[in-house]
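Novice: Compact mmCIF, C-alpha atoms, file protein_10.txt:
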```txt
# COMPACT_ATOMS: atom_id res chain seq x y z
CA MET R 113 -24.19 54.00 32.20
CA PRO R 114 -24.00 53.20 35.93
CA ASP R 115 -20.94 54.40 37.82
CA ALA R 116 -18.09 52.07 38.69
CA ALA R 117 -18.68 52.27 42.44
CA THR R 118 -22.30 51.07 42.07
CA LEU R 119 -21.20 48.21 39.82
CA PHE R 120 -18.49 47.20 42.27
CA THR R 121 -20.91 47.21 45.23
CA LEU R 122 -23.40 45.26 43.13
CA CYS R 123 -20.79 42.59 42.28
CA TRP R 124 -19.59 42.39 45.86
CA GLU R 125 -23.13 41.90 47.23
CA PHE R 126 -23.96 39.17 44.72
CA PHE R 127 -20.58 37.52 45.23
CA LYS R 128 -21.40 37.26 48.94
CA ALA R 129 -24.88 35.89 48.18
CA GLY R 130 -23.31 33.30 45.87
CA LEU R 131 -20.77 32.33 48.50
CA PHE R 132 -23.24 31.77 51.35
CA ALA R 133 -26.34 30.51 49.52
CA ILE R 134 -25.82 26.81 50.14
CA GLY R 135 -28.24 24.27 48.72
CA GLY R 136 -29.73 25.91 45.67
CA GLY R 137 -31.57 28.86 44.18
CA MET R 138 -34.09 29.83 46.85
CA ALA R 139 -31.22 30.08 49.35
CA THR R 140 -30.32 33.39 47.68
CA LEU R 141 -33.67 34.91 48.70
CA PRO R 142 -32.70 36.01 52.25
CA PHE R 143 -29.68 37.84 50.78
CA LEU R 144 -31.90 39.67 48.30
CA HIS R 145 -34.26 40.71 51.12
CA ASP R 146 -31.24 42.11 52.92
CA MET R 147 -30.13 43.99 49.79
CA ALA R 148 -33.63 45.45 49.30
CA GLY R 149 -33.33 46.98 52.78
CA ARG R 150 -29.84 48.43 52.36
CA PHE R 151 -29.65 49.58 48.73
CA PRO R 152 -31.94 51.60 46.44
CA TRP R 153 -31.69 48.92 43.70
CA PHE R 154 -35.10 47.34 44.19
CA THR R 155 -37.92 47.33 46.77
CA GLU R 156 -39.47 44.40 48.66
CA ALA R 157 -42.50 44.59 46.35
CA GLU R 158 -40.27 44.39 43.27
CA LEU R 159 -38.51 41.44 44.88
CA ALA R 160 -41.84 39.59 45.07
CA ASP R 161 -42.39 40.33 41.35
CA MET R 162 -38.89 39.08 40.62
CA VAL R 163 -39.64 35.75 42.30
CA ALA R 164 -42.73 35.40 40.10
CA VAL R 165 -40.75 36.24 36.96
CA ALA R 166 -37.87 33.96 37.95
CA GLU R 167 -40.31 31.10 38.50
CA SER R 168 -42.04 31.63 35.18
CA THR R 169 -38.95 31.61 32.98
CA PRO R 170 -36.40 28.93 32.29
CA GLY R 171 -33.27 29.00 34.37
CA PRO R 172 -32.20 28.55 37.96
CA ILE R 173 -34.12 30.94 40.21
CA GLY R 174 -31.01 32.30 41.94
CA VAL R 175 -29.44 33.20 38.60
CA ASN R 176 -32.65 34.79 37.29
CA MET R 177 -32.95 36.89 40.41
CA ALA R 178 -29.37 38.13 40.12
CA THR R 179 -29.89 39.15 36.47
CA PHE R 180 -33.16 40.91 37.30
CA ALA R 181 -31.83 42.71 40.38
CA GLY R 182 -28.58 43.63 38.59
CA TYR R 183 -30.55 45.05 35.66
CA ARG R 184 -32.64 47.19 38.02
CA ALA R 185 -29.51 48.47 39.70
CA GLY R 186 -27.21 48.98 36.72
CA GLY R 187 -28.82 48.20 33.37
CA ILE R 188 -27.66 45.42 31.06
CA ILE R 189 -24.06 45.57 32.30
CA GLY R 190 -25.34 45.40 35.87
CA GLY R 191 -27.45 42.34 35.01
CA VAL R 192 -24.57 40.48 33.41
CA LEU R 193 -22.03 41.41 36.10
CA ALA R 194 -24.34 40.56 39.02
CA THR R 195 -25.01 37.14 37.49
CA LEU R 196 -21.31 36.41 36.95
CA ALA R 197 -20.53 37.60 40.49
CA LEU R 198 -23.21 35.28 41.86
CA VAL R 199 -21.80 32.16 40.18
CA LEU R 200 -18.10 32.96 40.74
CA PRO R 201 -17.84 31.56 44.32
CA SER R 202 -19.46 28.25 43.42
CA PHE R 203 -17.32 28.08 40.26
CA ILE R 204 -14.16 28.26 42.39
CA VAL R 205 -15.46 25.89 45.07
CA ILE R 206 -16.62 23.26 42.55
CA ILE R 207 -13.26 23.28 40.76
CA LEU R 208 -11.46 22.73 44.08
CA VAL R 209 -13.94 20.00 45.02
CA SER R 210 -13.57 18.32 41.59
CA LYS R 211 -9.81 18.16 42.10
CA ALA R 212 -10.22 16.66 45.57
CA LEU R 213 -12.90 14.25 44.39
CA ALA R 214 -10.76 13.00 41.49
CA LYS R 215 -8.06 12.22 44.03
CA PHE R 216 -10.21 10.59 46.70
CA ARG R 217 -13.05 9.09 44.71
CA ASP R 218 -11.55 5.60 44.85
CA SER R 219 -10.81 5.82 48.57
CA ARG R 220 -12.87 3.45 50.66
CA ILE R 221 -14.28 6.15 52.94
CA VAL R 222 -15.44 8.44 50.11
CA SER R 223 -17.00 5.59 48.13
CA ASP R 224 -18.76 4.28 51.28
CA ALA R 225 -20.14 7.76 51.99
CA PHE R 226 -21.39 8.05 48.40
CA ASP R 227 -23.12 4.64 48.69
CA GLY R 228 -25.20 6.23 51.44
CA LEU R 229 -25.57 9.60 49.72
CA ARG R 230 -26.91 8.35 46.37
CA PRO R 231 -30.30 7.07 47.64
CA CYS R 232 -30.53 10.17 49.83
CA VAL R 233 -30.00 12.56 46.91
CA THR R 234 -32.54 10.55 44.88
CA ALA R 235 -34.98 11.15 47.76
CA LEU R 236 -34.19 14.91 47.70
CA ILE R 237 -35.02 14.95 43.98
CA LEU R 238 -38.29 13.14 44.65
CA SER R 239 -39.02 15.67 47.44
CA ALA R 240 -38.50 18.55 45.02
CA GLY R 241 -40.87 16.86 42.54
CA TYR R 242 -43.39 16.27 45.32
CA SER R 243 -43.33 19.93 46.35
CA VAL R 244 -44.16 20.89 42.75
CA PHE R 245 -46.90 18.21 42.70
CA ARG R 246 -48.34 19.53 45.97
CA ILE R 247 -48.77 23.10 44.71
CA THR R 248 -49.98 22.05 41.25
CA VAL R 249 -52.13 18.96 41.63
CA LEU R 250 -53.10 18.93 45.31
CA THR R 251 -55.23 21.61 46.94
CA PRO R 252 -54.68 21.06 50.68
CA GLU R 253 -56.30 24.41 51.61
CA ALA R 254 -59.62 23.49 50.00
CA PHE R 255 -59.41 20.07 51.66
CA ALA R 256 -58.74 21.61 55.08
CA ALA R 257 -61.67 24.00 54.62
CA SER R 258 -64.28 21.44 53.54
CA GLY R 259 -62.85 18.18 54.89
CA SER R 260 -64.18 16.45 51.78
CA LEU R 261 -61.71 14.15 49.98
CA ALA R 262 -63.04 15.39 46.63
CA ASP R 263 -61.43 18.75 47.38
CA LEU R 264 -57.96 17.30 47.93
CA VAL R 265 -57.01 17.23 44.25
CA SER R 266 -57.46 19.72 41.45
CA LEU R 267 -59.26 17.50 38.94
CA PRO R 268 -58.02 19.01 35.65
CA ALA R 269 -54.42 19.03 36.93
CA ALA R 270 -54.71 15.46 38.21
CA ALA R 271 -56.20 14.31 34.88
CA LEU R 272 -53.37 16.02 33.00
CA PHE R 273 -50.82 14.39 35.32
CA VAL R 274 -52.27 10.92 34.64
CA CYS R 275 -52.34 11.58 30.86
CA ILE R 276 -48.73 12.78 30.71
CA LEU R 277 -47.62 9.92 32.96
CA ALA R 278 -49.37 7.41 30.67
CA LEU R 279 -47.84 9.07 27.62
CA SER R 280 -44.35 8.90 29.17
CA LEU R 281 -44.82 5.18 29.85
CA LEU R 282 -45.98 4.47 26.28
CA TRP R 283 -43.46 6.78 24.57
CA LYS R 284 -40.35 5.94 26.55
CA LYS R 285 -37.97 8.02 24.42
CA ALA R 286 -40.07 11.17 24.62
CA PRO R 287 -37.73 14.18 24.89
CA PRO R 288 -38.49 16.23 28.04
CA ILE R 289 -39.23 19.31 25.91
CA ALA R 290 -42.09 17.42 24.17
CA LEU R 291 -43.77 16.65 27.51
CA ILE R 292 -43.16 20.25 28.67
CA ALA R 293 -44.74 21.61 25.46
CA ILE R 294 -47.75 19.30 25.85
CA GLY R 295 -48.08 20.44 29.47
CA ALA R 296 -47.95 24.11 28.46
CA ALA R 297 -50.56 23.67 25.69
CA ALA R 298 -52.88 21.64 27.92
CA GLY R 299 -52.46 24.21 30.70
CA ILE R 300 -53.68 26.99 28.42
CA LEU R 301 -56.57 24.90 27.03
CA LEU R 302 -57.72 23.72 30.47
CA LYS R 303 -57.12 27.16 32.07
CA LEU R 304 -55.24 25.48 34.93
CA MET T 180 -11.84 15.62 22.77
CA VAL T 181 -14.92 17.71 23.51
CA SER T 182 -14.72 21.26 22.13
CA LEU T 183 -15.43 24.29 24.30
CA TRP T 184 -18.21 25.28 21.87
CA GLU T 185 -19.84 21.86 22.35
CA LEU T 186 -19.73 22.29 26.14
CA PHE T 187 -21.20 25.78 25.81
CA THR T 188 -24.04 24.74 23.48
CA ALA T 189 -24.93 21.55 25.38
CA PHE T 190 -25.32 23.46 28.64
CA ALA T 191 -27.05 26.38 26.90
CA ALA T 192 -29.62 23.80 25.73
CA VAL T 193 -30.04 22.68 29.35
CA GLY T 194 -30.34 26.32 30.43
CA THR T 195 -33.10 27.00 27.88
CA MET T 196 -35.30 24.21 29.15
CA MET T 197 -35.09 24.64 32.90
CA PHE T 198 -38.35 25.66 34.49
CA GLY T 199 -38.89 26.24 38.17
CA GLY T 200 -35.30 25.98 39.35
CA GLY T 201 -33.65 23.43 41.60
CA TYR T 202 -34.00 19.81 40.63
CA SER T 203 -36.68 20.43 38.00
CA MET T 204 -33.88 20.87 35.43
CA LEU T 205 -32.68 17.36 36.16
CA PRO T 206 -34.61 15.41 33.47
CA VAL T 207 -33.35 17.75 30.73
CA LEU T 208 -29.83 17.73 32.12
CA ARG T 209 -29.83 13.93 32.37
CA ARG T 210 -31.00 13.58 28.78
CA GLU T 211 -28.41 16.02 27.35
CA ILE T 212 -25.44 14.89 29.44
CA VAL T 213 -26.01 11.20 30.19
CA GLU T 214 -28.23 9.87 27.39
CA LYS T 215 -27.30 11.99 24.38
CA ARG T 216 -23.62 12.72 25.01
CA ALA T 217 -22.48 10.14 27.61
CA TRP T 218 -20.32 12.79 29.32
CA SER T 219 -21.39 11.35 32.66
CA ASN T 220 -23.43 8.50 34.12
CA ASP T 221 -26.27 8.30 36.65
CA GLU T 222 -23.97 7.35 39.50
CA GLU T 223 -21.67 10.32 38.93
CA LEU T 224 -24.65 12.66 38.49
CA LEU T 225 -25.90 11.67 41.95
CA ASP T 226 -22.41 12.21 43.39
CA ILE T 227 -22.31 15.70 41.84
CA PHE T 228 -25.74 16.52 43.29
CA ALA T 229 -24.60 15.30 46.72
CA VAL T 230 -21.59 17.63 46.50
CA ALA T 231 -23.71 20.49 45.10
CA GLN T 232 -26.11 20.12 48.01
CA CYS T 233 -23.31 20.89 50.48
CA THR T 234 -21.51 23.63 48.53
CA PRO T 235 -22.63 27.15 47.72
CA GLY T 236 -24.42 27.85 44.49
CA VAL T 237 -27.22 26.74 42.24
CA ILE T 238 -27.26 23.01 41.51
CA ALA T 239 -27.57 23.31 37.72
CA VAL T 240 -24.64 25.74 37.60
CA ASN T 241 -22.50 23.57 39.88
CA THR T 242 -23.17 20.54 37.69
CA ALA T 243 -22.15 22.51 34.59
CA THR T 244 -18.92 23.65 36.27
CA TYR T 245 -18.10 20.11 37.39
CA ILE T 246 -18.72 18.42 34.02
CA GLY T 247 -17.01 21.22 32.08
CA TYR T 248 -13.97 20.94 34.35
CA LYS T 249 -13.85 17.17 33.98
CA LYS T 250 -13.99 17.42 30.18
CA ARG T 251 -11.70 20.40 29.46
CA GLY T 252 -10.22 21.76 32.69
CA ILE T 253 -10.79 25.35 33.79
CA SER T 254 -11.64 26.69 30.32
CA GLY T 255 -14.18 23.85 29.93
CA ALA T 256 -15.68 24.70 33.32
CA ALA T 257 -16.00 28.35 32.24
CA ALA T 258 -17.59 27.42 28.87
CA ALA T 259 -20.17 25.10 30.48
CA THR T 260 -20.98 27.54 33.30
CA VAL T 261 -21.42 30.53 31.00
CA GLY T 262 -23.46 28.26 28.68
CA VAL T 263 -25.95 27.22 31.36
CA ILE T 264 -26.58 30.82 32.54
CA THR T 265 -26.64 32.58 29.14
CA PRO T 266 -30.25 31.70 28.16
CA SER T 267 -31.60 32.93 31.51
CA ILE T 268 -29.59 36.16 31.33
CA ILE T 269 -30.94 36.91 27.85
CA ILE T 270 -34.54 36.03 28.69
CA ILE T 271 -34.55 37.97 31.97
CA LEU T 272 -32.96 41.04 30.35
CA ILE T 273 -35.64 41.00 27.64
CA ILE T 274 -38.43 40.70 30.19
CA ALA T 275 -36.92 43.29 32.51
CA SER T 276 -36.48 45.80 29.69
CA MET T 277 -40.05 45.33 28.44
CA LEU T 278 -41.27 46.24 31.93
CA THR T 279 -44.45 44.21 31.47
CA ASN T 280 -46.12 42.20 34.17
CA PHE T 281 -45.14 39.09 32.27
CA ALA T 282 -45.86 36.79 35.20
CA GLU T 283 -49.41 38.14 35.55
CA ILE T 284 -50.63 37.30 32.02
CA ALA T 285 -53.32 34.63 32.42
CA ALA T 286 -52.11 32.46 29.54
CA VAL T 287 -48.57 32.48 30.98
CA GLN T 288 -49.92 31.39 34.36
CA ASN T 289 -51.97 28.58 32.78
CA ALA T 290 -49.08 27.38 30.63
CA LEU T 291 -46.80 27.35 33.69
CA ALA T 292 -49.28 25.31 35.70
CA GLY T 293 -49.35 22.80 32.83
CA ILE T 294 -45.57 22.80 32.62
CA ARG T 295 -45.36 22.09 36.33
CA VAL T 296 -47.56 19.02 35.90
CA ALA T 297 -45.24 17.80 33.12
CA VAL T 298 -42.21 18.52 35.32
CA CYS T 299 -43.71 16.25 38.04
CA VAL T 300 -43.84 13.37 35.56
CA LEU T 301 -40.31 14.08 34.30
CA VAL T 302 -38.90 14.20 37.83
CA LEU T 303 -40.67 10.93 38.70
CA GLN T 304 -39.13 9.28 35.62
CA ALA T 305 -35.67 10.55 36.56
CA VAL T 306 -36.05 9.33 40.14
CA VAL T 307 -36.80 5.79 38.90
CA LYS T 308 -33.71 5.83 36.67
CA LEU T 309 -31.43 7.35 39.31
CA TYR T 310 -32.58 4.95 42.01
CA SER T 311 -31.36 2.07 39.88
CA ALA T 312 -27.85 3.63 40.06
CA CYS T 313 -27.88 3.12 43.85
CA ARG T 314 -26.42 0.04 45.54
CA LYS T 315 -29.00 -2.76 45.48
CA SER T 316 -29.92 -3.23 49.12
CA VAL T 317 -32.69 -2.68 51.60
CA VAL T 318 -30.35 -0.12 53.26
CA SER T 319 -30.60 2.07 50.14
CA LEU T 320 -34.38 1.82 50.29
CA LEU T 321 -34.41 2.83 53.98
CA ILE T 322 -32.12 5.84 53.35
CA PHE T 323 -34.33 6.83 50.40
CA ALA T 324 -37.51 6.58 52.48
CA ALA T 325 -35.97 8.45 55.43
CA GLY T 326 -34.69 11.22 53.13
CA PHE T 327 -38.11 11.67 51.52
CA VAL T 328 -39.91 11.79 54.87
CA MET T 329 -37.42 14.30 56.32
CA VAL T 330 -37.42 16.73 53.37
CA GLY T 331 -40.55 16.00 51.31
CA VAL T 332 -42.99 15.45 54.19
CA LEU T 333 -41.50 17.18 57.25
CA GLY T 334 -39.85 19.99 55.28
CA LEU T 335 -36.47 19.79 57.08
CA SER T 336 -33.34 21.29 55.54
CA PRO T 337 -31.62 18.81 53.18
CA VAL T 338 -28.44 19.21 55.24
CA TRP T 339 -29.72 16.73 57.86
CA PRO T 340 -30.57 13.77 55.62
CA VAL T 341 -27.33 14.35 53.69
CA LEU T 342 -25.21 14.15 56.86
CA PHE T 343 -27.28 11.21 58.09
CA ALA T 344 -26.90 9.33 54.79
CA ALA T 345 -23.14 9.88 54.62
CA GLY T 346 -22.85 8.51 58.17
CA VAL T 347 -25.04 5.49 57.38
CA GLY T 348 -22.96 4.90 54.23
CA LEU T 349 -19.75 4.78 56.28
CA GLY T 350 -21.17 2.40 58.89
CA TRP T 351 -22.79 0.27 56.19
CA GLY T 352 -19.47 -0.14 54.34
CA PHE T 353 -17.68 -1.02 57.58
CA PHE T 354 -20.14 -3.78 58.52
CA ARG T 355 -20.37 -5.07 54.96
CA ARG T 356 -16.63 -5.62 54.80
CA LYS T 357 -16.61 -7.17 58.28
CA GLY T 358 -19.29 -9.59 57.05
CA ASP T 359 -17.21 -10.39 53.96
CA GLU T 360 -14.15 -11.13 56.11
CA ARG T 361 -16.17 -13.44 58.35
CA ASP T 362 -17.57 -15.31 55.36
CA ALA T 363 -14.12 -15.68 53.81
```
What would the structure in this file look like if it were written as structure tokens?

Specialist:
Amino acid sequence: MPDAATLFTLCWEFFKAGLFAIGGGMATLPFLHDMAGRFPWFTEAELADMVAVAESTPGPIGVNMATFAGYRAGGIIGGVLATLALVLPSFIVIILVSKALAKFRDSRIVSDAFDGLRPCVTALILSAGYSVFRITVLTPEAFAASGSLADLVSLPAAALFVCILALSLLWKKAPPIALIAIGAAAGILLKL
Amino acid sequence: MVSLWELFTAFAAVGTMMFGGGYSMLPVLRREIVEKRAWSNDEELLDIFAVAQCTPGVIAVNTATYIGYKKRGISGAAAATVGVITPSIIIILIIASMLTNFAEIAAVQNALAGIRVAVCVLVLQAVVKLYSACRKSVVSLLIFAAGFVMVGVLGLSPVWPVLFAAGVGLGWGFFRRKGDERDA
């Protein structure tokens, strides 16, 4: 059982990370690097492992990292508390913003701003998808090394992409989990 | 009226199927919240993401808080938020306590690479659906293209296109109404 002072420090550090990590999960990473330097909870090497684990399990990366780091520092209670501390700031902020938004959503200025923001956010989503595509299907390093266009794409990954895309067009109501399961099975079979 | 348990389980389902963080959870979220339960629509989802982009916190968690609050006030926000993080807490605690190099198992790596390919397709699908929730105009297309170039190609922080798009939206509304007055 970890002592109360450690748990309090743990919560305070993750509360701060949650408060200042604006724009999503990976924004918590600099705060974790900082914690690795100042506290005996986890080392830089363990942090790198944590990123790998967080990326290979379901769940937002920031949340996964908080659970993992909290567990290292204070067991199961540490893991749960660190995670709750991480989400508390955004919980408060979003409730305040929801109240304000409900009030001002019909105002001309807010609705004009959202007219501009919607296509922009759609582009951010596409950018996130493209960054996944780039590390999975494209192999820019091999292309840069050989200069041959044949090296730009990873063929099995590209073939799988085309197959899943075709499947999603034919089976329009496919639940996302079905496509994810097919991807996972094909990944193991093709040794991607 | 939506029960707290329903909010918890719906977002726990979203939490179970999120791989890779960030926007990759979007297709699953959209299916659970917009298509299956009609708790929100595409337009509102984009508005939430725009807000989440400029506020602290993880986007999936912020969305859960927002929808939970809209449906059942503060207790609803708490139920949805705890729901979306519970699966990851359980899974991470199991992995952490087993102390295995889970991420280094070859089959896990291969499965993840396959999942990432599927996620690309799912995100592409969601982008097509969400784009149709935007105002029909060439201005939307230009903002979309500029946003993708800035973040997807040039790798800038999303803060810049978001500020830029909000500004364009304001100017666009101003000139649109001016045009309407002139025509009237």

Novice: Please list as a PDB file with C-alpha atoms, in the frame of the given file every residue within 10 Å of Arg220 (chain R), counting all atoms listed in the file and excluding residues in the same chain fewer than 4 positions away.

Specialist:
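So the final result, stored in selection12.pdb, reads:
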```pdb
ATOM      1  CA  PHE R 216     -10.210  10.590  46.700  1.00  0.00           C
ATOM      2  CA  ASP R 224     -18.760   4.280  51.280  1.00  0.00           C
ATOM      3  CA  ALA R 225     -20.140   7.760  51.990  1.00  0.00           C
ATOM      4  CA  PHE R 226     -21.390   8.050  48.400  1.00  0.00           C
TER       5      PHE R 226
ATOM      6  CA  LEU T 349     -19.750   4.780  56.280  1.00  0.00           C
ATOM      7  CA  GLY T 352     -19.470  -0.140  54.340  1.00  0.00           C
ATOM      8  CA  PHE T 353     -17.680  -1.020  57.580  1.00  0.00           C
TER       9      PHE T 353
END
```

Novice: My list of candidates is T:Gly358, T:Gly236, T:Gly247, T:Gly252. Which is closest to chain R when distances are computed with all atoms listed in the file?

Specialist: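 Of all the options, T:Gly236 lies closest to chain R.
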
Novice: Calculate, to one decimal in Å, the centre and edge lengths of the box along x, y and z of the file that holds all listed atoms of region 211-227 of chain T with 6 Å of margin on each side, and present them as AutoDock Vina command-line options.

Specialist:
```
--center_x -24.4 --center_y 11.7 --center_z 33.9 --size_x 20.1 --size_y 20.7 --size_z 31.0
```

Novice: Which of these, R:Trp124, R:Leu301, R:Ala240, R:Ala290, has the shortest distance to Val207 (chain T) once you count all atoms listed in the file?

Specialist: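 Using all atoms listed in the file, Val207 (chain T) sits closest to R:Ala290.
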
Novice: Region 215-222 of chain T: which residues within 9 Å, counting all atoms listed in the file, same-chain residues fewer than 4 positions away excluded, as an mmCIF file with C-alpha atoms, in the coordinates of the input?

Specialist:
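Saved file part.cif follows:
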```
data_model
loop_
_atom_site.group_PDB
_atom_site.id
_atom_site.type_symbol
_atom_site.label_atom_id
_atom_site.label_comp_id
_atom_site.auth_asym_id
_atom_site.auth_seq_id
_atom_site.Cartn_x
_atom_site.Cartn_y
_atom_site.Cartn_z
ATOM 1 C CA ARG R 230 -26.910 8.350 46.370
ATOM 2 C CA ALA T 189 -24.930 21.550 25.380
ATOM 3 C CA ARG T 209 -29.830 13.930 32.370
ATOM 4 C CA ARG T 210 -31.000 13.580 28.780
ATOM 5 C CA GLU T 211 -28.410 16.020 27.350
ATOM 6 C CA ASP T 226 -22.410 12.210 43.390
ATOM 7 C CA ILE T 227 -22.310 15.700 41.840
ATOM 8 C CA ILE T 246 -18.720 18.420 34.020
ATOM 9 C CA LYS T 250 -13.990 17.420 30.180
ATOM 10 C CA LYS T 308 -33.710 5.830 36.670
ATOM 11 C CA LEU T 309 -31.430 7.350 39.310
ATOM 12 C CA TYR T 310 -32.580 4.950 42.010
ATOM 13 C CA SER T 311 -31.360 2.070 39.880
ATOM 14 C CA ALA T 312 -27.850 3.630 40.060
ATOM 15 C CA CYS T 313 -27.880 3.120 43.850
#
```

Novice: Just want the 8 Å neighbourhood of Lys303 (chain R), counted on all atoms listed in the file, with same-chain residues fewer than 3 positions away dropped. Output as number ranges by chain.

Specialist: R: 299-300; T: 286, 289

Novice: Would you compute the distance between CA of Leu272 (chain T) and CA of Gly187 (chain R)? Give it in Å to one decimal.

Specialist: 8.8 Å

Novice: Starting from the point (-21.9, 46.0, 44.9), work out which residues of protein, DNA or RNA have an atom no more than 12 Å away when counting all atoms listed in the file; state them as a PDB file with C-alpha atoms, keeping the file's coordinate frame.

Specialist:
```pdb
ATOM      1  CA  PRO R 114     -24.000  53.200  35.930  1.00  0.00           C
ATOM      2  CA  ASP R 115     -20.940  54.400  37.820  1.00  0.00           C
ATOM      3  CA  ALA R 116     -18.090  52.070  38.690  1.00  0.00           C
ATOM      4  CA  ALA R 117     -18.680  52.270  42.440  1.00  0.00           C
ATOM      5  CA  THR R 118     -22.300  51.070  42.070  1.00  0.00           C
ATOM      6  CA  LEU R 119     -21.200  48.210  39.820  1.00  0.00           C
ATOM      7  CA  PHE R 120     -18.490  47.200  42.270  1.00  0.00           C
ATOM      8  CA  THR R 121     -20.910  47.210  45.230  1.00  0.00           C
ATOM      9  CA  LEU R 122     -23.400  45.260  43.130  1.00  0.00           C
ATOM     10  CA  CYS R 123     -20.790  42.590  42.280  1.00  0.00           C
ATOM     11  CA  TRP R 124     -19.590  42.390  45.860  1.00  0.00           C
ATOM     12  CA  GLU R 125     -23.130  41.900  47.230  1.00  0.00           C
ATOM     13  CA  PHE R 126     -23.960  39.170  44.720  1.00  0.00           C
ATOM     14  CA  PHE R 127     -20.580  37.520  45.230  1.00  0.00           C
ATOM     15  CA  LYS R 128     -21.400  37.260  48.940  1.00  0.00           C
ATOM     16  CA  ALA R 129     -24.880  35.890  48.180  1.00  0.00           C
ATOM     17  CA  MET R 147     -30.130  43.990  49.790  1.00  0.00           C
ATOM     18  CA  ARG R 150     -29.840  48.430  52.360  1.00  0.00           C
ATOM     19  CA  PHE R 151     -29.650  49.580  48.730  1.00  0.00           C
ATOM     20  CA  PRO R 152     -31.940  51.600  46.440  1.00  0.00           C
ATOM     21  CA  TRP R 153     -31.690  48.920  43.700  1.00  0.00           C
ATOM     22  CA  ALA R 178     -29.370  38.130  40.120  1.00  0.00           C
ATOM     23  CA  ALA R 181     -31.830  42.710  40.380  1.00  0.00           C
ATOM     24  CA  GLY R 182     -28.580  43.630  38.590  1.00  0.00           C
ATOM     25  CA  ALA R 185     -29.510  48.470  39.700  1.00  0.00           C
ATOM     26  CA  GLY R 186     -27.210  48.980  36.720  1.00  0.00           C
ATOM     27  CA  GLY R 190     -25.340  45.400  35.870  1.00  0.00           C
ATOM     28  CA  GLY R 191     -27.450  42.340  35.010  1.00  0.00           C
ATOM     29  CA  LEU R 193     -22.030  41.410  36.100  1.00  0.00           C
ATOM     30  CA  ALA R 194     -24.340  40.560  39.020  1.00  0.00           C
ATOM     31  CA  THR R 195     -25.010  37.140  37.490  1.00  0.00           C
ATOM     32  CA  ALA R 197     -20.530  37.600  40.490  1.00  0.00           C
ATOM     33  CA  LEU R 198     -23.210  35.280  41.860  1.00  0.00           C
TER      34      LEU R 198
END
```

Novice: List as a PDB file with C-alpha atoms, in the frame of the given file: which residues have an atom within 9 Å of (-56.3, 17.7, 34.5), counting all atoms listed in the file?

Specialist:
```
ATOM      1  CA  VAL R 249     -52.130  18.960  41.630  1.00  0.00           C
ATOM      2  CA  SER R 266     -57.460  19.720  41.450  1.00  0.00           C
ATOM      3  CA  LEU R 267     -59.260  17.500  38.940  1.00  0.00           C
ATOM      4  CA  PRO R 268     -58.020  19.010  35.650  1.00  0.00           C
ATOM      5  CA  ALA R 269     -54.420  19.030  36.930  1.00  0.00           C
ATOM      6  CA  ALA R 270     -54.710  15.460  38.210  1.00  0.00           C
ATOM      7  CA  ALA R 271     -56.200  14.310  34.880  1.00  0.00           C
ATOM      8  CA  LEU R 272     -53.370  16.020  33.000  1.00  0.00           C
ATOM      9  CA  PHE R 273     -50.820  14.390  35.320  1.00  0.00           C
ATOM     10  CA  VAL R 274     -52.270  10.920  34.640  1.00  0.00           C
ATOM     11  CA  CYS R 275     -52.340  11.580  30.860  1.00  0.00           C
ATOM     12  CA  ALA R 298     -52.880  21.640  27.920  1.00  0.00           C
ATOM     13  CA  GLY R 299     -52.460  24.210  30.700  1.00  0.00           C
ATOM     14  CA  LEU R 302     -57.720  23.720  30.470  1.00  0.00           C
ATOM     15  CA  LEU R 304     -55.240  25.480  34.930  1.00  0.00           C
TER      16      LEU R 304
ATOM     17  CA  GLY T 293     -49.350  22.800  32.830  1.00  0.00           C
ATOM     18  CA  VAL T 296     -47.560  19.020  35.900  1.00  0.00           C
TER      19      VAL T 296
END
```

Novice: Return the single residue from T:Val332, T:Ala258, T:Leu183, T:Met277 that is closest to chain R, with distances computed using only C-alpha atoms.

Specialist: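 Of T:Val332, T:Ala258, T:Leu183, T:Met277, the one nearest chain R is T:Val332, counting only C-alpha atoms.
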
Novice: CA of Leu236 (chain R) and CA of Val338 (chain T) are how many Å apart?

Specialist: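 About the pair CA of Leu236 (chain R) and CA of Val338 (chain T): they are 10.4 Å apart.
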
Novice: Name all residues at most 9 Å from Thr242 (chain T) (count only C-alpha atoms; drop same-chain ones fewer than 3 positions away) and give them as a ChimeraX atom specification.

Specialist: /R:206 /T:224,227-228,231,237-239,245-247,260

Novice: Closest to chain R among T:Ser182, T:Val328, T:Ile212, T:Gly348, using only C-alpha atoms?

Specialist: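 Result for the nearest residue to chain R: T:Gly348.
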
Novice: From the options T:Ile274, T:Leu320, T:Ala290, T:Leu342, which residue's atoms come nearest to chain R, counting only C-alpha atoms?

Specialist: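 Closest to chain R of all the choices is T:Ala290.
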
Novice: Which distance in Å separates CA of Leu301 (chain T) and CA of Arg246 (chain R), to one decimal?

Specialist: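 These two atoms are separated by 15.2 Å.
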
Novice: Which of these, R:Val163, R:Ile207, R:Met177, R:Val233, has the shortest distance to Gln232 (chain T) once you count only C-alpha atoms?

Specialist: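 Checking each candidate against Gln232 (chain T), we get R:Val233 as the closest.
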
Novice: Within 9 Å of Gly194 (chain T), counting all atoms listed in the file, which residues show up once you throw out same-chain ones fewer than 6 positions away? Write them as a list in words, please.

Specialist: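 In the requested format, the answer is Pro170, Gly171 and Pro172 of chain R; Met204, Leu208, Ala239, Gly262, Val263, Ile264, Thr265, Pro266 and Ser267 of chain T.
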